[in-house]
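Written below as structure tokens is the structure these notes are about.
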Amino acid sequence: MIKSILHTFLGVLTAFALMFTLLITSVEAVCYWVPGYYQHEYTKYNVLDNLPPMTMGDLLIVTEEMMDYLRGNREDLHVWTTMGGENREFFTEREIAHMEDVQGLFLAAIFLRRLCLMIIFFCIGTIYFTKGKLRLILPKMLFFGTMLFFGTAAILGFIISTDFSKYFIVFHHIFFDNDLWILDPSVDMLINIVPEPFFMDTAFFILILYGVLALMVLGISFVLMRKNRLTMHKND
């Protein structure tokens, strides 16, 4: 009885850890791996019109440096570029201070994904070494655990979509303990290159990708569950 409860708990924990891993990977995929994503968004929202004269090529270089910084691959965010016919720093000191906080979130997410992967391997290993039937336990727990997590994410996504601006502000109040994120578009460049609709698009694509990945897990686990049931019926 105790072993059964333990295996059920470990199976659900595996499902939740996998869902967090897929969610974080979806964020990373949209932010880093989609070719031409930033150029598409910059063009869509005419961001160059709200900046001192500069080329799209220079803006994309600045963006690449910014994203490298967020992943911890660049020491600071003092990025120089050509704007308005002069060589100057793109980001203000306020923006740089705010992006230090944002970098903390990105690095924490990367750490969380590594932790989730460790949890997955630990749970699977524990089930195996305590003589649990992985082929029976994991598909069932992955299915129900994924359903629960995915359903919760879908509900939250729907709620946020009803008033993105409101929950965008709530998000910042939850994750930041200062007002550095409140930027002035007449001075700060960051708010001009990533306006609110940019974040809405990004959140939408992340949810779509995550949804596809979660549905794949659901589909595979369902097929395995059905296969196990058919095998059990044949044995009976």
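Letters A, B, ... mark the chains of the structure tokens in the order given; residue numbers begin at 1 per chain; ligand numbers begin at 1, in order shown.
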
Within 12 Å of region 86-89 of chain A using only C-alpha atoms, minus same-chain residues under 5 positions, as an NGL selection string: :A and (52-54 or 58 or 62 or 77-81 or 95-96 or 188-189)

For N, CA and C atoms, I'd like the residues from the last selection saved as a tab-separated table (two decimals), in the first residue's frame.
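Result file follows (out.tsv):
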chain	number	residue	atom	x	y	z
A	52	PRO	N	15.66	56.87	-32.32
A	52	PRO	CA	16.52	57.73	-33.13
A	52	PRO	C	16.98	56.94	-34.36
A	53	PRO	N	17.19	57.58	-35.49
A	53	PRO	CA	17.51	56.85	-36.72
A	53	PRO	C	18.62	55.81	-36.53
A	54	MET	N	18.28	54.55	-36.88
A	54	MET	CA	19.25	53.46	-36.85
A	54	MET	C	18.76	52.38	-37.80
A	58	ASP	N	21.54	47.02	-37.04
A	58	ASP	CA	22.12	47.44	-35.77
A	58	ASP	C	21.19	47.10	-34.60
A	62	VAL	N	21.95	44.69	-31.31
A	62	VAL	CA	21.68	45.10	-29.93
A	62	VAL	C	20.81	44.04	-29.24
A	77	LEU	N	25.26	44.95	-19.71
A	77	LEU	CA	24.38	45.37	-20.80
A	77	LEU	C	24.76	46.75	-21.33
A	78	HIS	N	26.01	47.10	-21.20
A	78	HIS	CA	26.49	48.36	-21.78
A	78	HIS	C	26.78	48.09	-23.25
A	79	VAL	N	25.77	48.28	-24.07
A	79	VAL	CA	25.85	47.98	-25.50
A	79	VAL	C	25.90	49.29	-26.29
A	80	TRP	N	26.93	49.44	-27.12
A	80	TRP	CA	27.09	50.64	-27.93
A	80	TRP	C	26.64	50.36	-29.37
A	81	THR	N	26.00	51.36	-29.96
A	81	THR	CA	25.54	51.21	-31.34
A	81	THR	C	25.45	52.60	-31.99
A	95	GLU	N	17.38	51.24	-17.40
A	95	GLU	CA	17.09	50.01	-18.14
A	95	GLU	C	18.07	48.90	-17.76
A	96	ILE	N	19.34	49.26	-17.63
A	96	ILE	CA	20.36	48.27	-17.28
A	96	ILE	C	20.07	47.68	-15.90
A	188	ASP	N	13.83	55.98	-22.55
A	188	ASP	CA	14.27	54.58	-22.53
A	188	ASP	C	13.92	53.88	-23.83
A	189	MET	N	14.90	53.18	-24.40
A	189	MET	CA	14.72	52.51	-25.68
A	189	MET	C	13.99	51.17	-25.55

Residues near Phe168 (chain A), cut-off 12 Å, only C-alpha atoms, skip fewer than 2 positions along chain, as number ranges by chain: A: 159-166, 170-175, 181-182, 195-197, 199-200, 203

Strand (DSSP E or B) positions in region 81-222 of chain A, given as a VMD selection string: chain A and resid 81 to 83 86 to 89

All helix (DSSP H, G or I) residues (DSSP, backbone) inside region 97-222 of chain A, as a ChimeraX atom specification: /A:97-129,134-162,164-175,190-193,196-222

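The space between CA of Asn228 (chain A) and CA of Arg135 (chain A) spans 7.8 Å.
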